[in-house]
Structure formats: C-alpha cells, structure tokens
$ cat query38.txt   # compact mmCIF, C-alpha atoms
# COMPACT_ATOMS: atom_id res chain seq x y z
CA MET N 1 -14.79 17.15 -8.93
CA LYS N 2 -11.10 17.89 -8.97
CA ALA N 3 -8.98 15.72 -6.73
CA PHE N 4 -6.45 18.43 -5.95
CA ILE N 5 -6.88 21.95 -4.75
CA PHE N 6 -4.06 24.48 -4.59
CA ASN N 7 -0.69 23.40 -3.17
CA ASN N 8 -1.34 19.89 -4.40
CA SER N 9 -3.33 19.15 -1.29
CA LEU N 10 -6.23 16.78 -1.50
CA ASP N 11 -9.73 18.25 -1.76
CA PRO N 12 -11.45 17.41 1.57
CA GLU N 13 -14.56 16.07 -0.11
CA VAL N 14 -12.50 13.83 -2.36
CA ALA N 15 -10.55 12.69 0.68
CA ASP N 16 -13.84 11.73 2.33
CA VAL N 17 -14.89 9.69 -0.67
CA LEU N 18 -11.53 7.92 -0.80
CA CYS N 19 -11.72 7.16 2.93
CA GLU N 20 -15.11 5.58 2.38
CA ILE N 21 -13.70 3.51 -0.47
CA GLY N 22 -10.86 2.42 1.80
CA ASN N 23 -13.28 1.61 4.56
CA VAL N 24 -15.36 -0.64 2.34
CA GLY N 25 -12.26 -2.47 1.16
CA VAL N 26 -10.62 -2.92 4.52
CA GLY N 27 -13.88 -4.07 6.09
CA GLN N 28 -14.06 -6.92 3.63
CA ALA N 29 -10.36 -7.76 3.75
CA THR N 30 -10.19 -7.96 7.52
CA THR N 31 -13.39 -9.99 7.63
CA ALA N 32 -11.67 -12.47 5.33
CA LEU N 33 -8.63 -12.56 7.58
CA GLY N 34 -10.83 -12.86 10.67
CA ASN N 35 -12.67 -15.80 9.13
CA MET N 36 -9.40 -17.57 8.48
CA LEU N 37 -8.29 -17.05 12.06
CA GLY N 38 -11.52 -17.11 14.04
CA GLU N 39 -10.29 -14.00 15.78
CA CYS N 40 -11.44 -10.49 16.41
CA ILE N 41 -10.22 -7.66 14.20
CA THR N 42 -10.80 -3.99 14.80
CA ILE N 43 -10.21 -1.41 12.13
CA GLU N 44 -9.52 2.27 12.48
CA THR N 45 -10.92 5.09 10.42
CA PRO N 46 -9.07 5.29 7.12
CA GLN N 47 -7.07 8.33 6.22
CA ALA N 48 -6.62 9.66 2.73
CA PHE N 49 -3.83 12.07 2.04
CA CYS N 50 -1.39 13.18 -0.54
CA MET N 51 2.07 11.74 -0.03
CA SER N 52 4.07 14.35 1.79
CA ASP N 53 7.82 14.68 1.93
CA ASP N 54 7.95 12.87 5.20
CA ILE N 55 6.89 9.39 4.26
CA SER N 56 8.91 8.02 7.14
CA GLU N 57 5.97 8.96 9.36
CA LEU N 58 3.60 6.96 7.23
CA SER N 59 3.96 3.62 8.94
CA GLY N 60 3.72 4.94 12.49
CA LEU N 61 6.69 2.70 13.27
CA ALA N 62 10.42 3.33 13.46
CA PRO N 63 11.52 3.13 9.80
CA ASP N 64 13.86 0.22 10.43
CA THR N 65 11.24 -1.99 12.08
CA ILE N 66 11.12 -5.35 10.35
CA VAL N 67 7.69 -6.21 8.96
CA MET N 68 6.18 -8.27 6.23
CA GLY N 69 5.15 -6.26 3.19
CA ILE N 70 2.83 -7.56 0.54
CA LEU N 71 2.61 -5.58 -2.66
CA MET N 72 0.28 -5.78 -5.62
CA LYS N 73 0.04 -3.64 -8.66
CA LEU N 74 -3.33 -2.57 -10.01
CA ALA N 75 -3.71 -3.55 -13.61
CA GLN N 76 -5.79 -2.67 -16.67
CA ASN N 77 -8.40 -0.02 -15.95
CA LEU N 78 -6.88 1.18 -12.68
CA GLY N 79 -3.23 1.98 -12.00
CA GLY N 80 -1.25 2.14 -8.82
CA ALA N 81 -0.57 -0.28 -6.03
CA VAL N 82 -1.93 -1.85 -2.87
CA MET N 83 0.36 -2.62 0.02
CA ILE N 84 -0.45 -4.72 3.07
CA LEU N 85 1.87 -4.49 6.06
CA LEU N 86 1.69 -7.19 8.70
CA ASN N 87 3.57 -8.09 11.80
CA LYS N 88 6.14 -10.71 10.84
CA ASP N 89 5.73 -12.91 13.93
CA PHE N 90 1.98 -12.91 13.52
CA MET N 91 2.32 -14.03 9.92
CA SER N 92 4.78 -16.70 10.95
CA ASP N 93 2.22 -18.01 13.48
CA LEU N 94 -0.56 -17.90 10.94
CA ILE N 95 1.46 -19.79 8.35
CA GLY N 96 2.41 -22.30 11.04
CA LYS N 97 -1.28 -22.87 11.72
CA LEU N 98 -2.23 -23.16 8.06
CA THR N 99 0.58 -25.47 6.98
CA GLY N 100 1.23 -27.34 10.21
CA THR N 101 4.94 -26.55 9.92
CA HIS N 102 6.87 -23.87 11.71
CA TYR N 103 9.20 -21.90 9.48
CA PRO N 104 12.03 -19.91 11.02
CA ASP N 105 12.43 -16.28 9.99
CA GLU N 106 14.72 -16.64 7.00
CA GLU N 107 12.75 -19.54 5.62
CA LEU N 108 9.41 -17.82 5.81
CA ILE N 109 9.71 -16.24 2.37
CA ASN N 110 12.44 -18.46 0.98
CA ASN N 111 10.68 -21.75 1.49
CA GLU N 112 8.37 -22.57 -1.40
CA ASP N 113 5.53 -23.96 0.74
CA SER N 114 5.50 -21.14 3.21
CA LEU N 115 5.81 -18.48 0.50
CA SER N 116 2.91 -20.04 -1.34
CA ALA N 117 0.80 -19.99 1.84
CA ILE N 118 1.69 -16.34 2.44
CA GLN N 119 0.77 -15.48 -1.13
CA GLU N 120 -2.53 -17.24 -0.66
CA VAL N 121 -3.36 -15.28 2.49
CA ALA N 122 -2.29 -12.09 0.74
CA ASN N 123 -4.38 -12.93 -2.30
CA ILE N 124 -7.44 -13.52 -0.16
CA MET N 125 -6.97 -10.23 1.69
CA ALA N 126 -6.15 -8.16 -1.37
CA SER N 127 -8.87 -9.59 -3.53
CA SER N 128 -11.47 -9.07 -0.79
CA TYR N 129 -10.27 -5.49 -0.55
CA MET N 130 -10.52 -4.92 -4.27
CA ASN N 131 -13.72 -6.93 -4.71
CA ALA N 132 -15.46 -4.76 -2.17
CA ILE N 133 -14.23 -1.60 -3.88
CA GLY N 134 -15.22 -3.06 -7.23
CA ALA N 135 -18.73 -3.86 -6.02
CA TYR N 136 -19.04 -0.42 -4.44
CA THR N 137 -17.95 1.46 -7.53
CA GLY N 138 -19.17 -0.96 -10.18
CA LEU N 139 -15.66 -1.17 -11.61
CA ARG N 140 -13.92 -4.33 -12.64
CA ILE N 141 -10.54 -4.27 -10.95
CA TYR N 142 -7.55 -6.41 -11.88
CA MET N 143 -4.38 -6.99 -9.92
CA THR N 144 -1.01 -8.55 -10.62
CA PRO N 145 0.17 -11.54 -8.53
CA VAL N 146 1.36 -10.64 -5.04
CA MET N 147 4.96 -9.87 -4.17
CA VAL N 148 6.16 -10.55 -0.65
CA GLY N 149 9.09 -9.08 1.21
CA ILE N 150 10.26 -9.13 4.82
CA ASP N 151 12.32 -6.05 5.53
CA MET N 152 12.43 -2.58 7.06
CA VAL N 153 9.06 -0.89 6.87
CA GLY N 154 10.41 2.45 5.63
CA ALA N 155 12.15 0.83 2.69
CA LEU N 156 9.16 -1.35 1.81
CA ILE N 157 6.77 1.61 1.68
CA ALA N 158 9.22 3.87 -0.12
CA TYR N 159 9.67 1.38 -2.93
CA PRO N 160 6.23 1.56 -4.62
CA LEU N 161 5.92 5.26 -3.79
CA ALA N 162 9.22 6.07 -5.49
CA GLN N 163 8.45 3.81 -8.41
CA MET N 164 5.13 5.58 -8.93
CA SER N 165 6.57 9.05 -8.36
CA LEU N 166 8.70 8.50 -11.46
CA SER N 167 5.71 9.09 -13.66
CA LYS N 168 3.17 10.81 -11.44
CA GLU N 169 3.80 13.74 -9.19
CA ASN N 170 1.01 13.45 -6.64
CA ILE N 171 0.60 10.11 -4.97
CA ILE N 172 -2.51 9.62 -2.89
CA CYS N 173 -2.46 7.13 -0.05
CA ILE N 174 -5.61 5.62 1.40
CA ASP N 175 -4.34 4.19 4.61
CA THR N 176 -6.19 2.03 7.14
CA SER N 177 -4.73 0.29 10.12
CA PHE N 178 -6.23 -2.67 11.88
CA GLU N 179 -5.57 -4.76 14.94
CA VAL N 180 -5.98 -8.47 15.41
CA LYS N 181 -7.00 -9.62 18.87
CA ASP N 182 -7.81 -13.04 20.26
CA SER N 183 -11.40 -14.32 20.28
CA GLU N 184 -12.03 -12.71 23.67
CA ASN N 185 -10.86 -9.37 22.30
CA LYS N 186 -8.11 -9.07 24.91
CA ILE N 187 -4.64 -9.95 23.74
CA LYS N 188 -3.33 -7.96 20.84
CA LYS N 189 -1.68 -10.17 18.25
CA CYS N 190 -0.95 -7.99 15.30
CA ASP N 191 -0.93 -4.47 13.96
CA GLY N 192 -1.59 -4.33 10.28
CA ARG N 193 -2.11 -1.76 7.60
CA ILE N 194 -3.57 -1.68 4.16
CA ILE N 195 -2.47 1.19 1.97
CA MET N 196 -3.97 1.77 -1.43
CA MET N 197 -2.01 4.07 -3.71
CA PRO N 198 -4.08 4.82 -6.80
CA ASP N 199 -2.42 6.93 -9.45
CA ASN N 200 -4.00 10.27 -10.35
CA ASN N 201 -5.87 8.88 -13.31
CA SER N 202 -7.38 6.12 -11.16
CA VAL N 203 -8.64 8.62 -8.61
CA ASP N 204 -10.58 10.28 -11.42
CA ILE N 205 -11.93 6.91 -12.54
CA LEU N 206 -13.04 6.05 -9.01
CA LEU N 207 -14.76 9.42 -8.60
CA GLN N 208 -16.39 9.08 -12.00
CA ALA N 209 -17.66 5.62 -11.14
CA LEU N 210 -19.39 7.10 -8.12
CA ASP N 211 -20.83 9.93 -10.23
CA LEU N 212 -18.87 12.52 -8.35
CA ASN N 213 -16.94 14.32 -11.04
CA MET T 1 19.72 17.56 15.07
CA ALA T 2 22.15 15.54 17.12
CA GLY T 3 20.48 12.88 19.27
CA LYS T 4 21.98 10.43 21.71
CA ASP T 5 25.40 9.02 20.76
CA ASN T 6 25.77 12.11 18.55
CA THR T 7 23.57 10.49 15.96
CA ILE T 8 22.28 12.88 13.34
CA LEU T 9 19.27 11.33 11.67
CA VAL T 10 18.80 12.16 7.99
CA ARG T 11 15.24 11.38 6.95
CA ILE T 12 13.88 10.97 3.43
CA GLY T 13 14.48 14.09 1.37
CA GLU T 14 16.72 15.72 3.97
CA ILE T 15 20.34 16.87 3.80
CA ALA T 16 22.40 17.18 6.99
CA TYR T 17 25.84 18.67 7.58
CA ALA T 18 28.26 17.78 10.35
CA ARG T 19 31.89 17.97 11.45
CA LYS T 20 31.57 15.28 14.07
CA GLY T 21 29.12 12.65 15.24
CA CYS T 22 27.39 10.01 13.21
CA LEU T 23 25.28 10.84 10.17
CA THR T 24 22.61 8.18 9.96
CA CYS T 25 20.06 7.12 7.34
CA LEU T 26 17.59 4.45 8.42
CA ALA T 27 15.84 1.99 6.14
CA ILE T 28 17.62 2.78 2.89
CA GLY T 29 15.92 0.56 0.31
CA SER T 30 15.64 1.90 -3.21
CA CYS T 31 16.68 5.29 -1.83
CA ILE T 32 20.33 6.34 -1.77
CA ALA T 33 22.32 7.52 1.23
CA LEU T 34 24.98 9.79 -0.25
CA ALA T 35 27.69 11.21 2.01
CA LEU T 36 30.22 13.72 0.75
CA LEU T 37 33.28 14.45 2.85
CA ASN T 38 35.65 17.36 2.50
CA GLU T 39 38.78 15.41 3.29
CA ARG T 40 40.80 18.47 4.25
CA THR T 41 38.39 20.28 6.58
CA GLY T 42 36.50 17.21 7.82
CA GLN T 43 33.17 18.81 6.97
CA ALA T 44 30.64 16.21 5.84
CA ALA T 45 27.19 16.19 4.27
CA MET T 46 24.69 13.40 3.91
CA ALA T 47 21.55 13.24 1.79
CA HIS T 48 18.73 10.70 1.82
CA ILE T 49 17.81 10.68 -1.87
CA PHE T 50 14.41 9.38 -2.94
CA LEU T 51 14.26 9.96 -6.70
CA PRO T 52 16.81 10.39 -9.51
CA GLN T 53 15.61 13.63 -11.03
CA ALA T 54 13.87 16.75 -9.75
CA PRO T 55 10.75 18.10 -11.44
CA ALA T 56 10.61 21.67 -12.74
CA LYS T 57 9.77 23.16 -9.34
CA PRO T 58 11.10 20.84 -6.64
CA VAL T 59 9.69 21.33 -3.14
CA SER T 60 12.79 20.03 -1.42
CA SER T 61 16.23 19.64 -2.94
CA GLY T 62 17.34 16.72 -0.77
CA LYS T 63 14.73 14.43 -2.26
CA TYR T 64 16.26 14.30 -5.75
CA ALA T 65 19.74 13.17 -6.76
CA ASP T 66 20.53 16.10 -9.06
CA THR T 67 19.40 18.89 -6.74
CA ALA T 68 20.83 17.21 -3.63
CA VAL T 69 24.32 16.89 -5.12
CA ILE T 70 24.32 20.54 -6.23
CA GLU T 71 23.18 21.77 -2.84
CA MET T 72 25.74 19.65 -0.99
CA LEU T 73 28.52 20.85 -3.31
CA GLN T 74 27.54 24.48 -2.86
CA HIS T 75 27.66 24.04 0.89
CA LEU T 76 30.93 22.10 0.96
CA ARG T 77 32.67 23.93 -1.89
CA GLY T 78 31.85 27.29 -0.32
CA GLN T 79 34.44 26.42 2.26
CA LEU T 80 36.87 24.86 -0.16
CA LYS T 81 40.21 25.96 -1.47
CA PRO T 82 41.03 24.90 -5.03
CA SER T 83 43.33 22.13 -3.86
CA ASP T 84 40.67 20.59 -1.66
CA CYS T 85 39.30 17.25 -2.49
CA LEU T 86 36.03 15.54 -1.78
CA GLY T 87 35.27 11.89 -1.23
CA ALA T 88 31.90 10.21 -1.76
CA TYR T 89 30.23 7.35 0.09
CA VAL T 90 27.15 5.84 -1.61
CA VAL T 91 24.82 3.17 -0.28
CA GLY T 92 21.40 1.94 -1.38
CA GLY T 93 19.53 1.42 -4.64
CA ALA T 94 18.08 -1.95 -3.68
CA ARG T 95 15.20 -3.68 -5.40
CA MET T 96 12.92 -4.26 -2.42
CA PHE T 97 10.69 -6.81 -4.11
CA PRO T 98 12.75 -9.25 -6.18
CA GLN T 99 9.98 -9.63 -8.74
CA GLY T 100 10.08 -5.87 -9.19
CA PHE T 101 7.41 -3.26 -9.54
CA CYS T 102 8.42 -1.67 -12.76
CA VAL T 103 7.08 1.23 -14.71
CA ASP T 104 8.41 1.04 -18.28
CA GLY T 105 10.79 -1.73 -17.25
CA SER T 106 12.96 0.55 -15.13
CA ASP T 107 13.69 -0.21 -11.51
CA ILE T 108 13.79 2.79 -9.20
CA GLY T 109 16.77 1.51 -7.20
CA GLN T 110 18.81 1.11 -10.36
CA LEU T 111 17.76 4.51 -11.69
CA ASN T 112 18.74 6.15 -8.42
CA SER T 113 22.14 4.41 -8.40
CA LYS T 114 22.81 5.35 -12.00
CA ALA T 115 21.82 8.98 -11.45
CA VAL T 116 24.07 9.37 -8.40
CA LEU T 117 27.05 7.64 -10.00
CA SER T 118 26.84 9.75 -13.14
CA LEU T 119 26.59 12.95 -11.05
CA LEU T 120 29.68 11.95 -9.07
CA ASP T 121 31.44 11.27 -12.33
CA GLU T 122 30.32 14.59 -13.79
CA TYR T 123 31.62 16.56 -10.78
CA GLN T 124 34.71 14.35 -10.56
CA ILE T 125 34.21 13.28 -6.98
CA PRO T 126 36.09 10.05 -6.23
CA ILE T 127 34.09 7.25 -4.62
CA ARG T 128 35.63 6.07 -1.35
CA PHE T 129 32.97 3.50 -0.59
CA SER T 130 29.97 2.11 -2.42
CA ASP T 131 27.43 -0.57 -1.62
CA LEU T 132 24.66 -0.45 -4.20
CA GLY T 133 21.92 -2.79 -5.38
CA GLY T 134 20.83 -6.06 -3.83
CA THR T 135 17.37 -6.73 -2.47
CA LYS T 136 17.72 -5.75 1.18
CA ALA T 137 17.20 -2.54 3.12
CA ARG T 138 20.17 -1.06 4.96
CA ASN T 139 20.81 1.20 7.91
CA VAL T 140 23.73 3.49 7.14
CA HIS T 141 25.93 5.03 9.84
CA PHE T 142 28.67 7.41 8.76
CA GLN T 143 31.15 8.35 11.49
CA VAL T 144 32.37 11.74 10.34
CA GLN T 145 35.59 12.04 12.34
CA GLU T 146 36.63 8.41 11.90
CA ARG T 147 35.60 8.63 8.22
CA SER T 148 34.16 5.18 8.54
CA ILE T 149 30.85 3.85 7.31
CA LYS T 150 28.88 1.04 8.88
CA ILE T 151 26.07 -0.78 7.09
CA LYS T 152 23.51 -2.85 8.91
CA LEU T 153 21.11 -5.13 7.06
CA GLY T 154 17.65 -5.60 8.54
CA THR T 155 17.44 -9.21 7.51
CA LYS T 156 19.92 -11.68 6.15
CA GLN T 157 20.74 -11.60 2.46
CA PRO T 158 19.41 -14.87 1.04
$ encode --input "query38.txt" --output "structure tokens"
Amino acid sequence: MKAFIFNNSLDPEVADVLCEIGNVGVGQATTALGNMLGECITIETPQAFCMSDDISELSGLAPDTIVMGILMKLAQNLGGAVMILLNKDFMSDLIGKLTGTHYPDEELINNEDSLSAIQEVANIMASSYMNAIGAYTGLRIYMTPVMVGIDMVGALIAYPLAQMSLSKENIICIDTSFEVKDSENKIKKCDGRIIMMPDNNSVDILLQALDLN
Amino acid sequence: MAGKDNTILVRIGEIAYARKGCLTCLAIGSCIALALLNERTGQAAMAHIFLPQAPAKPVSSGKYADTAVIEMLQHLRGQLKPSDCLGAYVVGGARMFPQGFCVDGSDIGQLNSKAVLSLLDEYQIPIRFSDLGGTKARNVHFQVQERSIKIKLGTKQP
C-alpha cells in the first residue's frame, strides 16, 4: 500500500490505519495519566493527515498560547518524533501533587526536581503510547530521552516539523486530543494533545508490520 | 488582511505587503520573521519563513528563505528607482528545545538564520534590526509607518 496518492495527500485507507495506531497509543497513554491522577480522561478520535502549509491551525489554539511541550525523537528502527502538549497550569498542579512542592512558572522547568518529575510523567505517557503501538504492530520501538519546553504552542510544534522537513518532504501527523476532567467527570482541568510524526520510511515500516503493504 | 488595530497577521509560509499598519508574526520560534522596508516609499513586506531552502517545485514561496526573499524583492524593487534603498529587519531562529532535535547535527533555527543572513548579504540589503537565536519564541510586531519593531517573548528568558 502506498502512503501517498497524487498531490501528496494521504491515502484514506492508510490514514485510517494510522488513526487506529494513534488510538491504541493514546488510549494507553491517557490511561497511564489517569491512573496517576485518579481522574477521568476522555479522548477524541485521532486524525491523520499530511502536514499542510497552515500548521498554525494544527494546535487548535492561538499560536502564541503558552503551553508545555514534551518532545521525543524516535530512534533506531523508526524515525520521527512524538510531541505531547499539555496545559501548563495543569502540569504545574500535577507536579505540585507529585512532589509536594509548588513551583512557580519560571521554576517549573528550571528547577531540577520539578523538571525531573515532569520528565518522569512524560516518560510514562510517551512510553505507554509507544508500548501500545509496539505491541499492536509487533515492532520494538526506541525513543530518546524527553525534552521539555514551556513556550508558545505554534513555535513548539513548528520546531520538530521544520527539523524533519529538512530531510523529508511529506510529514504525516497522527494527532489525538484528550481532556482531563475531575473524578465526577464535570470540571475540565486540561486539554492535551499527543502528536506522532513518523517519517515516511517509518510509515512504510508500520504498514508492513501490519501486513498492509 | 488588516484586523483590529490595523494588525496584518502573517502566518507560516505567508508574505504580506503594507504601507501602514502593523505587520505581525506570532509564535516565531525556529522560523524567521523577515521584514523588508523600502525606506523611500515606505512600502514594506514581511515573510514568515519556515525553512532555509525551497525544494525543486515549491508549493508556496513564502515558506522558504530563498524564494521568499526573491518574491519580496520583485514586489518591492518593481516600484524602486535605482537610488532607492531597502532595510531589513530579522527576528527568530531560536532553538525551541535546548537539548536540540538535530538531524545531522544541524539545528533548524541556526540554518534558517544563516540562510536569511547570507541572502541579505548577497542582495546587499543592510540590516536595520536583528534578534536571532536564543531558546524562546517571540511575537514580532512591525509598525510600518513608525519603522519600529516590537518583540514580545512568551516566557522569560532563563
């Protein structure tokens, strides 16, 4: 199966498969986050698409909204990146709960303890995401250590996309958003997003692993 | 398109032209906001550049440094007399994650900065203002008539 049809648009069947892969991953990752918090998380249907010119629309937020971005690179047999976007205040609360200390905004990623806690949460989420995809496809997936940044969402997303566009022309995004609510499923606490950006070669590997090529 | 306060928003890969108002690029990280001003006529152009070099068949010219500069020059130079002179304002090229996410050891922010600076050098356009590098995203507001540029950081520089 070829990932791209004319005009560099994504083949709808391939898009379906990638959505399913995203769904499996996000299901596991949000379950892990939910377990940490004891709260209710709802996920939306993933979308898979080829990066268009207007990536500013990608986040669904104003591009200069400040969020926390967590970025990991896929290593060894797969290439590309995974990015997790989380509400900054939510993360600050979560880290407060986990460490018993409240860190003000600037300290959140500059303080060693709080950064380490964030990296741990990120690791748990990202590795659940990738573990689920690995189990689903039978692939062994490796990732580099997490990188954390608090900044404008447009700039955070553009960074890995631009870096990857240097070598590959078509970047595919598998994008799932989720919402964290309190245990009674009433008060919304956080909007989050997990975006997987496999490079073209990795899309072929994923499809091959599912016997779809 | 001019919005409220005469703000003209230039999104990724776009080029905008104006004689008045405020040309604005939001969330410039590793991208580059490049404004060129015809200092005689007051005509200005701003591009939100995403990548240093265009592929063989680029879909949009504003997305790449080389094609964006050529298009802006064609537009601005078309109205130029030989004695006219341009000024450049460049902002961006940050490394959004300090640890970096490098392909072949090259950082996209740096590559973008280098590409734009060498193009400005090649076309002999003097730089009136530059704020490149760092690790923080910036909002860039260029007041065309006042010829002033305002940079706003999203978060504090550590």
$ closest_residue --input "query38.txt" --among "T:Tyr123, T:Phe97, T:Phe142, T:Tyr17" --to "chain N" --atoms "all atoms listed in the file"
T:Phe97
$ closest_residue --input "query38.txt" --among "N:Leu166, N:Leu207, N:Val26, N:Leu115" --to "Phe50 of chain T" --atoms "all atoms listed in the file"
N:Leu166
$ closest_atom_pairs --input "query38.txt" --of "chain N" --to "chain T" --cutoff "8 Å" --atoms "only C-alpha atoms" --output "Markdown table"
| residue | atom | partner | partner_atom | distance |
| --- | --- | --- | --- | --- |
| N:Asp53 | CA | T:Gly13 | CA | 6.7 |
| N:Asp54 | CA | T:Ile12 | CA | 6.5 |
| N:Ile55 | CA | T:Ile12 | CA | 7.2 |
| N:Ser56 | CA | T:Ile12 | CA | 6.9 |
| N:Pro63 | CA | T:Ala27 | CA | 5.8 |
| N:Asp64 | CA | T:Ala27 | CA | 5.0 |
| N:Ile66 | CA | T:Gly154 | CA | 6.8 |
| N:Lys73 | CA | T:Phe101 | CA | 7.4 |
| N:Glu106 | CA | T:Lys156 | CA | 7.2 |
| N:Asn110 | CA | T:Pro158 | CA | 7.8 |
| N:Met147 | CA | T:Phe97 | CA | 6.5 |
| N:Val148 | CA | T:Phe97 | CA | 6.8 |
| N:Gly149 | CA | T:Phe97 | CA | 6.0 |
| N:Ile150 | CA | T:Thr155 | CA | 7.7 |
| N:Asp151 | CA | T:Gly154 | CA | 6.1 |
| N:Met152 | CA | T:Ala27 | CA | 5.8 |
| N:Val153 | CA | T:Ala27 | CA | 7.4 |
| N:Gly154 | CA | T:Ala27 | CA | 5.5 |
| N:Ala155 | CA | T:Gly29 | CA | 4.5 |
| N:Leu156 | CA | T:Met96 | CA | 6.4 |
| N:Ala158 | CA | T:Ser30 | CA | 7.4 |
| N:Tyr159 | CA | T:Ser30 | CA | 6.0 |
| N:Pro160 | CA | T:Phe101 | CA | 7.0 |
| N:Ala162 | CA | T:Leu51 | CA | 6.5 |
| N:Gln163 | CA | T:Ile108 | CA | 5.5 |
| N:Met164 | CA | T:Val103 | CA | 7.5 |
| N:Ser165 | CA | T:Leu51 | CA | 7.9 |
| N:Leu166 | CA | T:Leu51 | CA | 7.5 |
$ atom_distance --input "query38.txt" --atom1 "atom CA of Ser118 of chain T" --atom2 "atom CA of Gly78 of chain T"
22.3 Å
$ residues_around --input "query38.txt" --residues "Ala32 of chain N" --least-positions-apart "5" --cutoff "10 Å" --atoms "all atoms listed in the file" --output "PyMOL selection string"
chain N and resi 26-27+37-38+121+124-129
$ axis_aligned_box --input "query38.txt" --around "segment 116-130 of chain N" --padding-each-side "8 Å" --output "lines of an AutoDock Vina configuration file"
center_x = -4.3
center_y = -12.5
center_z = -0.9
size_x = 30.4
size_y = 31.1
size_z = 22.8
$ atom_distance --input "query38.txt" --atom1 "atom CA of Leu210 of chain N" --atom2 "atom CA of Ile141 of chain N"
14.7 Å
$ closest_residue --input "query38.txt" --among "T:Val91, T:Met72, T:Ile15, T:Cys85" --to "Gly133 of chain T" --atoms "all atoms listed in the file"
T:Val91
$ atom_distance --input "query38.txt" --atom1 "atom CA of Tyr142 of chain N" --atom2 "atom CA of Ala48 of chain N"
21.7 Å
$ residues_near_point --input "query38.txt" --point "(20.6, 13.2, -5.8)" --cutoff "8 Å" --atoms "only C-alpha atoms" --output "PyMOL selection string"
chain T and resi 32+34+47+49-53+62-69+112+115-116+119
$ closest_residue --input "query38.txt" --among "N:Ile95, N:Leu85, N:Met72, N:Ala209" --to "Val17 of chain N" --atoms "all atoms listed in the file"
N:Ala209
$ closest_residue --input "query38.txt" --among "T:Gly134, T:Gly87, T:Gly42, T:Gly93" --to "Arg19 of chain T" --atoms "only C-alpha atoms"
T:Gly42
$ residues_near_point --input "query38.txt" --point "(31.8, 11.7, 2.1)" --cutoff "6 Å" --atoms "only C-alpha atoms" --output "JSON list (two decimals) with C-alpha atoms, in the frame of the given file"
[["chain", "number", "residue", "atom", "x", "y", "z"],
["T", 35, "ALA", "CA", 27.69, 11.21, 2.01],
["T", 36, "LEU", "CA", 30.22, 13.72, 0.75],
["T", 37, "LEU", "CA", 33.28, 14.45, 2.85],
["T", 44, "ALA", "CA", 30.64, 16.21, 5.84],
["T", 87, "GLY", "CA", 35.27, 11.89, -1.23],
["T", 88, "ALA", "CA", 31.90, 10.21, -1.76],
["T", 89, "TYR", "CA", 30.23, 7.35, 0.09]]
$ residues_around --input "query38.txt" --residues "segment 193-202 of chain N" --least-positions-apart "5" --cutoff "9 Å" --atoms "only C-alpha atoms" --output "number ranges by chain"
N: 3, 22, 26, 59, 74, 77-86, 126, 160-161, 164, 168-179, 207
$ build_atoms --input "query38.txt" --residues "segment 104-118 of chain T" --atoms "N, CA and C atoms" --output "PDB file, in the coordinates of the input"
ATOM      1  N   ASP T 104       7.580   1.002 -17.072  1.00  0.00           N
ATOM      2  CA  ASP T 104       8.410   1.040 -18.280  1.00  0.00           C
ATOM      3  C   ASP T 104       9.694   0.225 -18.117  1.00  0.00           C
ATOM      4  N   GLY T 105       9.640  -0.848 -17.380  1.00  0.00           N
ATOM      5  CA  GLY T 105      10.790  -1.730 -17.250  1.00  0.00           C
ATOM      6  C   GLY T 105      11.975  -1.162 -16.491  1.00  0.00           C
ATOM      7  N   SER T 106      11.818  -0.005 -15.855  1.00  0.00           N
ATOM      8  CA  SER T 106      12.960   0.550 -15.130  1.00  0.00           C
ATOM      9  C   SER T 106      12.747   0.414 -13.635  1.00  0.00           C
ATOM     10  N   ASP T 107      13.778  -0.026 -12.944  1.00  0.00           N
ATOM     11  CA  ASP T 107      13.690  -0.210 -11.510  1.00  0.00           C
ATOM     12  C   ASP T 107      14.215   1.039 -10.809  1.00  0.00           C
ATOM     13  N   ILE T 108      13.461   1.511  -9.831  1.00  0.00           N
ATOM     14  CA  ILE T 108      13.790   2.790  -9.200  1.00  0.00           C
ATOM     15  C   ILE T 108      15.152   2.759  -8.492  1.00  0.00           C
ATOM     16  N   GLY T 109      15.477   1.605  -7.872  1.00  0.00           N
ATOM     17  CA  GLY T 109      16.770   1.510  -7.200  1.00  0.00           C
ATOM     18  C   GLY T 109      17.920   1.681  -8.178  1.00  0.00           C
ATOM     19  N   GLN T 110      17.784   1.020  -9.327  1.00  0.00           N
ATOM     20  CA  GLN T 110      18.810   1.110 -10.360  1.00  0.00           C
ATOM     21  C   GLN T 110      18.916   2.532 -10.912  1.00  0.00           C
ATOM     22  N   LEU T 111      17.764   3.143 -11.156  1.00  0.00           N
ATOM     23  CA  LEU T 111      17.760   4.510 -11.690  1.00  0.00           C
ATOM     24  C   LEU T 111      18.440   5.468 -10.722  1.00  0.00           C
ATOM     25  N   ASN T 112      18.113   5.300  -9.428  1.00  0.00           N
ATOM     26  CA  ASN T 112      18.740   6.150  -8.420  1.00  0.00           C
ATOM     27  C   ASN T 112      20.257   5.962  -8.403  1.00  0.00           C
ATOM     28  N   SER T 113      20.707   4.691  -8.414  1.00  0.00           N
ATOM     29  CA  SER T 113      22.140   4.410  -8.400  1.00  0.00           C
ATOM     30  C   SER T 113      22.817   5.051  -9.600  1.00  0.00           C
ATOM     31  N   LYS T 114      22.222   4.833 -10.770  1.00  0.00           N
ATOM     32  CA  LYS T 114      22.810   5.350 -12.000  1.00  0.00           C
ATOM     33  C   LYS T 114      22.919   6.870 -11.937  1.00  0.00           C
ATOM     34  N   ALA T 115      21.847   7.514 -11.491  1.00  0.00           N
ATOM     35  CA  ALA T 115      21.820   8.980 -11.450  1.00  0.00           C
ATOM     36  C   ALA T 115      22.931   9.502 -10.535  1.00  0.00           C
ATOM     37  N   VAL T 116      23.064   8.895  -9.350  1.00  0.00           N
ATOM     38  CA  VAL T 116      24.070   9.370  -8.400  1.00  0.00           C
ATOM     39  C   VAL T 116      25.473   9.133  -8.929  1.00  0.00           C
ATOM     40  N   LEU T 117      25.714   7.944  -9.486  1.00  0.00           N
ATOM     41  CA  LEU T 117      27.050   7.640 -10.000  1.00  0.00           C
ATOM     42  C   LEU T 117      27.433   8.575 -11.150  1.00  0.00           C
ATOM     43  N   SER T 118      26.479   8.890 -12.020  1.00  0.00           N
ATOM     44  CA  SER T 118      26.840   9.750 -13.140  1.00  0.00           C
ATOM     45  C   SER T 118      27.072  11.188 -12.673  1.00  0.00           C
TER      46      SER T 118
END
